[in-house]
Amino acid sequence: MNIKILQLAIPFFRVIQVVMLVFMAGFIGVLVYSIMDTEAFSNVHLQNTFRARFSVGDFKICPDCESPGSYTLSQLSTYMKLWLLVRGTALMLLALISLQVILRITKSIRDKATFYNRNIKGFLQLFRLGIAIAALSSFNFFIQGAESNFEFSIPFGALAYTLGCRLLAEIFIEGKMLAEDSNSIV
Amino acid sequence: MKIIVTLDVMLAKRKMKLNELSQKVGISVTNLSLLKTGKARGIRFSTLLSICEVLDCEPGDIIAIEKE
């Protein structure tokens, strides 16, 4: 087994976790502040924010620019900001929990405890989290005054990831059986 | 029909304890105990050969088929 790649993967996942946590804290902070002070962040333009995909969109700080079809954070209604907050936080939280599970499995494999029940449960947990991510990123909507839009798409990336996790769970179940067989041969 | 391990019979014939066999064969007492109690799912040819060498017997002396 290539231990080096596992040893590299663990700090890499930790860095991603920290970056995601910082981004999530910033995201929540900005949106909560903009809900409290509706005129705040008039220079933050939202792009692709209401698309149905695994993303919270782009937040472009642009004081004077006028992008067609994009809104500034201060122009959004409180309900839309709340939707943005709930959807974005849920997606990031699900991604963070998934990353935590991946980190736990990677550590377990590094410690040569590969085909263990906790890893099988981990992959099944990733499968369930993946379904939630796919469901949440399959739709999005936008209602602002007279303008409204509902978008639905099939999140192939998230579904492929989910299916991969389920397959890995099956592989680990088979591996556990083989390991048990091997251990019970004297 | 099932395969049973009659290692305890052979050990009694040779007046040997499991600990002694374990030391001579180089297999842990735990594994030999699993084998003796029929809890092991299989036995390697190398293990079988080592046990037979120490107990001076044939594989058929420690493995038998039990008809149900």
# chains A, B, ... in the order shown; residues from 1 in each chain; ligands from 1

call {"tool": "interface_residues", "arguments": {"of": "chain A", "to": "chain B", "cutoff": "12 Å", "atoms": "only C-alpha atoms", "output": "list in words"}}
result
Leu178, Glu180, Asp181, Ser182, Asn183, Ser184, Ile185 and Val186 of chain A

call {"tool": "write_last_selection", "arguments": {"atoms": "C-alpha atoms", "output": "mmCIF file, in the first residue's frame"}}
result
data_model
loop_
_atom_site.group_PDB
_atom_site.id
_atom_site.type_symbol
_atom_site.label_atom_id
_atom_site.label_comp_id
_atom_site.auth_asym_id
_atom_site.auth_seq_id
_atom_site.Cartn_x
_atom_site.Cartn_y
_atom_site.Cartn_z
ATOM 1 C CA LEU A 178 -12.332 -12.028 2.655
ATOM 2 C CA GLU A 180 -12.334 -12.657 8.035
ATOM 3 C CA ASP A 181 -11.943 -15.787 5.906
ATOM 4 C CA SER A 182 -8.210 -15.252 5.674
ATOM 5 C CA ASN A 183 -7.908 -14.679 9.422
ATOM 6 C CA SER A 184 -9.864 -17.812 10.258
ATOM 7 C CA ILE A 185 -7.549 -20.036 8.218
ATOM 8 C CA VAL A 186 -4.881 -21.446 10.510
#

call {"tool": "select_by_dssp", "arguments": {"residues": "chain B", "states": "helix (DSSP H, G or I)", "output": "PyMOL selection string"}}
result
chain B and resi 7-14+18-25+29-36+45-55+59-62

call {"tool": "residues_around", "arguments": {"residues": "A:Leu91", "least_positions_apart": "2", "cutoff": "8 Å", "atoms": "only C-alpha atoms", "output": "PyMOL selection string"}}
result
chain A and resi 54-55+87-89+93-95+133+136-137

call {"tool": "residues_around", "arguments": {"residues": "A:Thr49", "least_positions_apart": "2", "cutoff": "9 Å", "atoms": "only C-alpha atoms", "output": "MDAnalysis selection string"}}
result
chainID A and resid 46:47 51:52 55:59 84 140

call {"tool": "residues_around", "arguments": {"residues": "A:Ile120", "least_positions_apart": "5", "cutoff": "12 Å", "atoms": "only C-alpha atoms", "output": "MDAnalysis selection string"}}
result
chainID A and resid 101:102 104:105 108:109 113:115 125:127 165:177

call {"tool": "residues_around", "arguments": {"residues": "B:Glu68", "least_positions_apart": "5", "cutoff": "12 Å", "atoms": "only C-alpha atoms", "output": "CSV table (one decimal) with C-alpha atoms, in the first residue's frame"}}
result
chain,number,residue,atom,x,y,z
B,1,MET,CA,-21.3,-34.5,6.2
B,2,LYS,CA,-18.7,-32.2,7.7
B,3,ILE,CA,-15.0,-32.1,8.2
B,4,ILE,CA,-13.9,-32.4,11.8

call {"tool": "residues_around", "arguments": {"residues": "B:Cys52", "least_positions_apart": "5", "cutoff": "10 Å", "atoms": "only C-alpha atoms", "output": "ChimeraX atom specification"}}
result
/B:10,25,46-47,57-62

call {"tool": "write_last_selection", "arguments": {"atoms": "C-alpha atoms", "output": "CSV table (one decimal), in the first residue's frame"}}
result
chain,number,residue,atom,x,y,z
B,10,MET,CA,-3.8,-37.2,18.3
B,25,VAL,CA,5.1,-26.0,15.3
B,46,SER,CA,2.1,-25.7,5.5
B,47,THR,CA,0.4,-25.8,8.9
B,57,CYS,CA,1.1,-38.7,11.7
B,58,GLU,CA,-0.7,-38.4,8.4
B,59,PRO,CA,-3.2,-35.6,7.6
B,60,GLY,CA,-6.0,-38.1,7.9
B,61,ASP,CA,-5.1,-38.7,11.5
B,62,ILE,CA,-6.0,-35.2,12.5
